[in-house]
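Participant: What follows is a structure written as structure tokens; I'll ask about it next.
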Amino acid sequence: MPDEILDRLDDISSSFHPIPGARSIIVAEPPSDLFKGVIGSYGAITDSPHCIVLIGDMIQQQVQEAVGFHGEGLVLEATANGVDTCWVGGFFREESISSEIDLGEYEKILGVIAVGFASTGKSRTEKVMSGIIGSRRRKEIQKLLYLGSEQPTGWTRHALEAARLAPSAVNRQPWRFRIVGDSIEIFFKNAFASKSISPRLDCGIAMLHLEIGALKAGVKGTWEFPEGEPIARYMLQKQTD
Ligand SMILES: Cc1cc2nc3c(=O)[nH]c(=O)nc-3n(C[C@H](O)[C@H](O)[C@H](O)COP(=O)(O)O)c2cc1C
């Protein structure tokens with residue numbers, strides 16, 4: 001892996017923490033049995049030259065969203081630099097890596113991202129570039145609107161279009177969105193829940209996509225985390241003249 005790409009990932013790892021509760025460690029040449037038995041979405045994961053270990057601080061309320069948001073920041077940076085990635089939420093061998101990681105009292109490894117170059121077929125990067133990922137294997141926006149949502153127009157349409165393309169464990173796409181005025185609220189559906197991967201982590205991934213979609217549409221907002229539901233709300237910042 002070229003040093004300048006590793007440096008970029010290091011930067012993101014140490015500086016991109018918009019939601020408290022997540023950190024990551026980039027491990028070079030991870031132990032060969034870390035992904036043993038894991039069949040990646042794009043084939044077996046072997047000889048991953050690096051992996052990113054995602055660590056959550058379990059006493060933080062938004063720990064799952066924070067790990068999804070932070071981890072997807074690293075994935076998007078890698079992808080933008082032509083590097084392939086695969087999120088691995090459940091089937092990694094924690095014991096094979098734990099000797100390399102110093103965990104705090106309330107910390108837990110919530111996921112690992114394999115980073116490298118896909119060996120066969122179309123790489124993820126090529127798929128992203130050609131638009132294969134996304135539209136075909138993702139739910140339409142209309143199916144993702146939560147009860148009582150306004151229809152997406154303008155910036156909310158761009159934001160939801162980007163959020164819709166987010167990856168999720170077993171492609172379960174647990175997120176639901178409700179547009180209310182100048183805000184988008186996020187809910188999650190518990191169906192298809194895997195014991196080891198929280199749907200809230202998937203929602204954190206979609207939240208980063210949503211924010212990038214909004215920025216691309218020329219608007220900026222801030223995240224709020226209300227008590228109970230929704231799990232998060234993206235609120236447009238008021239323009240000041
Ligand atoms: C949190 C999370 C955990 C995942 N865990 C695994 C995994 O353990 N093994 C695997 O092969 N893929 C894993 N994936 C990849 C998903 O299966 C993949 O992103 C999803 O099926 C969508 O595929 P696509 O992005 O190629 O359309 C995971 C993805 C996420 C977001």
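Scheme for the structure tokens: letters A, B, ... for chains in order shown; per-chain residue numbers from 1; ligand numbers from 1 in order shown.
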Near A:Gly104, counting only C-alpha atoms, which residues have an atom at most 9 Å away, once you skip same-chain residues fewer than 3 positions from it, shown as a PyMOL selection string?
Facilitator: chain A and resi 57+107-108
Participant: Restricted to C-alpha atoms, what would the selected residues look like written as a compact mmCIF listing (two decimals), in the first residue's frame?
Facilitator:
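Full text of result_36.txt as output:
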```txt
# COMPACT_ATOMS: atom_id res chain seq x y z
CA ASP A 57 -16.26 3.11 23.99
CA GLU A 107 -13.79 -0.51 25.12
CA LYS A 108 -14.75 -3.24 22.68
```
Participant: Taking the backbone alone, and naming residues the way the document does, which bits of stretch 43-109 of chain A are alpha helix (DSSP H) by DSSP, as an mmCIF file with N, CA and C atoms, in the first residue's frame?
Facilitator:
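Writing the result to part04.cif gives the following:
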```
data_model
loop_
_atom_site.group_PDB
_atom_site.id
_atom_site.type_symbol
_atom_site.label_atom_id
_atom_site.label_comp_id
_atom_site.auth_asym_id
_atom_site.auth_seq_id
_atom_site.Cartn_x
_atom_site.Cartn_y
_atom_site.Cartn_z
ATOM 1 N N VAL A 63 -22.350 5.017 20.742
ATOM 2 C CA VAL A 63 -21.134 4.298 20.358
ATOM 3 C C VAL A 63 -21.275 3.595 19.003
ATOM 4 N N GLN A 64 -22.411 2.986 18.742
ATOM 5 C CA GLN A 64 -22.563 2.236 17.483
ATOM 6 C C GLN A 64 -22.587 3.191 16.296
ATOM 7 N N GLU A 65 -23.356 4.284 16.410
ATOM 8 C CA GLU A 65 -23.412 5.270 15.317
ATOM 9 C C GLU A 65 -22.021 5.868 15.097
ATOM 10 N N ALA A 66 -21.310 6.110 16.226
ATOM 11 C CA ALA A 66 -19.982 6.722 16.124
ATOM 12 C C ALA A 66 -19.022 5.819 15.356
ATOM 13 N N VAL A 67 -19.072 4.512 15.645
ATOM 14 C CA VAL A 67 -18.155 3.575 14.963
ATOM 15 C C VAL A 67 -18.513 3.481 13.472
ATOM 16 N N GLY A 68 -19.800 3.434 13.157
ATOM 17 C CA GLY A 68 -20.203 3.392 11.748
ATOM 18 C C GLY A 68 -19.749 4.632 10.999
ATOM 19 N N PHE A 69 -19.949 5.780 11.609
ATOM 20 C CA PHE A 69 -19.621 7.073 10.983
ATOM 21 C C PHE A 69 -18.105 7.181 10.763
ATOM 22 N N HIS A 70 -17.347 6.873 11.819
ATOM 23 C CA HIS A 70 -15.881 6.960 11.754
ATOM 24 C C HIS A 70 -15.334 5.926 10.756
ATOM 25 N N GLY A 71 -15.822 4.691 10.862
ATOM 26 C CA GLY A 71 -15.307 3.625 9.986
ATOM 27 C C GLY A 71 -15.590 3.914 8.522
ATOM 28 N N GLU A 72 -16.782 4.427 8.234
ATOM 29 C CA GLU A 72 -17.116 4.691 6.831
ATOM 30 C C GLU A 72 -16.303 5.870 6.297
ATOM 31 N N GLY A 73 -15.894 6.775 7.188
ATOM 32 C CA GLY A 73 -14.988 7.855 6.761
ATOM 33 C C GLY A 73 -13.698 7.258 6.217
ATOM 34 N N LEU A 74 -13.200 6.237 6.909
ATOM 35 C CA LEU A 74 -11.968 5.574 6.458
ATOM 36 C C LEU A 74 -12.214 4.803 5.160
ATOM 37 N N VAL A 75 -13.357 4.146 5.076
ATOM 38 C CA VAL A 75 -13.691 3.378 3.858
ATOM 39 C C VAL A 75 -13.774 4.310 2.643
ATOM 40 N N LEU A 76 -14.450 5.449 2.820
ATOM 41 C CA LEU A 76 -14.619 6.364 1.674
ATOM 42 C C LEU A 76 -13.281 6.974 1.262
ATOM 43 N N GLU A 77 -12.426 7.269 2.249
ATOM 44 C CA GLU A 77 -11.105 7.808 1.925
ATOM 45 C C GLU A 77 -10.287 6.766 1.153
ATOM 46 N N ALA A 78 -10.334 5.509 1.618
ATOM 47 C CA ALA A 78 -9.606 4.439 0.925
ATOM 48 C C ALA A 78 -10.147 4.291 -0.497
ATOM 49 N N THR A 79 -11.457 4.250 -0.622
ATOM 50 C CA THR A 79 -12.089 4.055 -1.933
ATOM 51 C C THR A 79 -11.723 5.192 -2.883
ATOM 52 N N ALA A 80 -11.736 6.422 -2.368
ATOM 53 C CA ALA A 80 -11.402 7.581 -3.205
ATOM 54 C C ALA A 80 -9.961 7.497 -3.701
ATOM 55 N N GLU A 94 -11.352 -12.180 17.124
ATOM 56 C CA GLU A 94 -10.880 -11.108 17.986
ATOM 57 C C GLU A 94 -9.583 -11.508 18.707
ATOM 58 N N GLU A 95 -9.515 -12.769 19.115
ATOM 59 C CA GLU A 95 -8.348 -13.207 19.907
ATOM 60 C C GLU A 95 -7.059 -13.150 19.100
ATOM 61 N N SER A 96 -7.194 -13.207 17.754
ATOM 62 C CA SER A 96 -5.962 -13.212 16.965
ATOM 63 C C SER A 96 -5.364 -11.802 16.850
ATOM 64 N N ILE A 97 -6.139 -10.792 17.220
ATOM 65 C CA ILE A 97 -5.636 -9.420 17.087
ATOM 66 C C ILE A 97 -5.527 -8.711 18.439
#
```
Participant: I want to know what sits within 9 Å of A:Ser183, based on only C-alpha atoms, with residues of the same chain fewer than 4 positions away left out; could you give that as a VMD selection string?
Facilitator: chain A and resid 156 178 to 179 221 233 to 236
Participant: Looking at A:Leu9, A:Ile19, A:Ile197, A:Ile59, which one is nearest to A:Phe92, with distances taken over only C-alpha atoms?
Facilitator: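 The shortest atom-to-atom distance to A:Phe92 comes from A:Ile197.
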Participant: Pick out the closest residue to A:Ala159 from this set: A:Asp33, A:Asp3, A:Glu211, A:Glu185. Count only C-alpha atoms.
Facilitator: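 So, comparing all the options, the nearest one is A:Glu211.
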Participant: Quick one: of A:Ile184, A:Gly154, A:Ile52, A:Cys203, who's nearest to A:Thr222, counting only C-alpha atoms?
Facilitator: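 Of all the options, A:Ile184 lies closest to A:Thr222.
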Participant: Which residue is closest to ligand 1? Choose from A:Glu4, A:Asp84, A:Asp102, A:Glu224 and count only C-alpha atoms and all ligand atoms.
Facilitator: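 The closest residue to ligand 1 is A:Asp84.
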Participant: Please report the interatomic distance between atom CA of A:Asp7 and atom CA of A:Thr85 in Å with one decimal.
Facilitator: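 If I compute the distance from atom CA of A:Asp7 to atom CA of A:Thr85, I get 16.4 Å.
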Participant: Tell me which of A:His17, A:Arg23, A:Arg164, A:Lys220 sits closest to ligand 1, counting only C-alpha atoms and all ligand atoms.
Facilitator: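 Checking each of A:His17, A:Arg23, A:Arg164, A:Lys220 against ligand 1, counting only C-alpha atoms and all ligand atoms, the winner is A:Arg164.
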Participant: Kindly indicate which residue among A:Ile101, A:Met1, A:Ile25, A:Leu110 lies nearest to A:Asn81, using only C-alpha atoms for the distances.
Facilitator: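 Using only C-alpha atoms, A:Asn81 sits closest to A:Met1.
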Participant: Between atom CA of A:Ile113 and atom CA of A:Phe225, what is the distance, to one decimal in Å?
Facilitator: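 Rounded to one decimal, the two atoms are 26.2 Å apart.
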Participant: When you look at A:Gln142 with a cut-off of 12 Å (counting only C-alpha atoms), what residues show up, excluding the ones that are within fewer than 2 positions of it in the same chain? I need them as a ChimeraX atom specification.
Facilitator: /A:138-140,144-147,149-152,157,160-161,164,176-179
Participant: Those selected residues, please, written with C-alpha atoms and delivered as a PDB file, in the first residue's frame.
Facilitator:
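out06.pdb, freshly written:
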```pdb
ATOM      1  CA  ARG A 138     -30.415  -0.974  -2.607  1.00  0.00           C
ATOM      2  CA  LYS A 139     -33.992  -0.149  -1.636  1.00  0.00           C
ATOM      3  CA  GLU A 140     -35.704   2.739  -3.414  1.00  0.00           C
ATOM      4  CA  LEU A 144     -37.139   4.018   3.170  1.00  0.00           C
ATOM      5  CA  LEU A 145     -39.437   6.868   4.177  1.00  0.00           C
ATOM      6  CA  TYR A 146     -40.704   6.602   7.747  1.00  0.00           C
ATOM      7  CA  LEU A 147     -44.339   7.206   8.627  1.00  0.00           C
ATOM      8  CA  SER A 149     -42.292  11.869   6.203  1.00  0.00           C
ATOM      9  CA  GLU A 150     -42.509  14.737   3.759  1.00  0.00           C
ATOM     10  CA  GLN A 151     -41.429  13.917   0.202  1.00  0.00           C
ATOM     11  CA  PRO A 152     -37.738  14.418  -0.631  1.00  0.00           C
ATOM     12  CA  ARG A 157     -33.379  14.237  -2.066  1.00  0.00           C
ATOM     13  CA  LEU A 160     -31.237  10.476   0.935  1.00  0.00           C
ATOM     14  CA  GLU A 161     -29.909   9.381  -2.445  1.00  0.00           C
ATOM     15  CA  ARG A 164     -29.474   4.927   0.379  1.00  0.00           C
ATOM     16  CA  ARG A 176     -35.577   4.652   7.736  1.00  0.00           C
ATOM     17  CA  PHE A 177     -35.778   8.411   7.212  1.00  0.00           C
ATOM     18  CA  ARG A 178     -38.369  11.029   8.068  1.00  0.00           C
ATOM     19  CA  ILE A 179     -38.126  14.441   6.489  1.00  0.00           C
TER      20      ILE A 179
END
```
Participant: Could you give me, as a list of chain:residue names, the residues within 6 Å of stretch 48-51 of chain A, counting only C-alpha atoms and dropping anything in the same chain fewer than 6 positions from it?
Facilitator: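 The residues that qualify are A:Ile26, A:Val27, A:Ala28, A:Glu29, A:Ile113, A:Ala114, A:Val115, A:Gly116.
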Participant: In Å to one decimal, how far is atom CA of A:Pro230 from atom CA of A:Glu105?
Facilitator: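 Atom CA of A:Glu105 sits 29.2 Å away from atom CA of A:Pro230.
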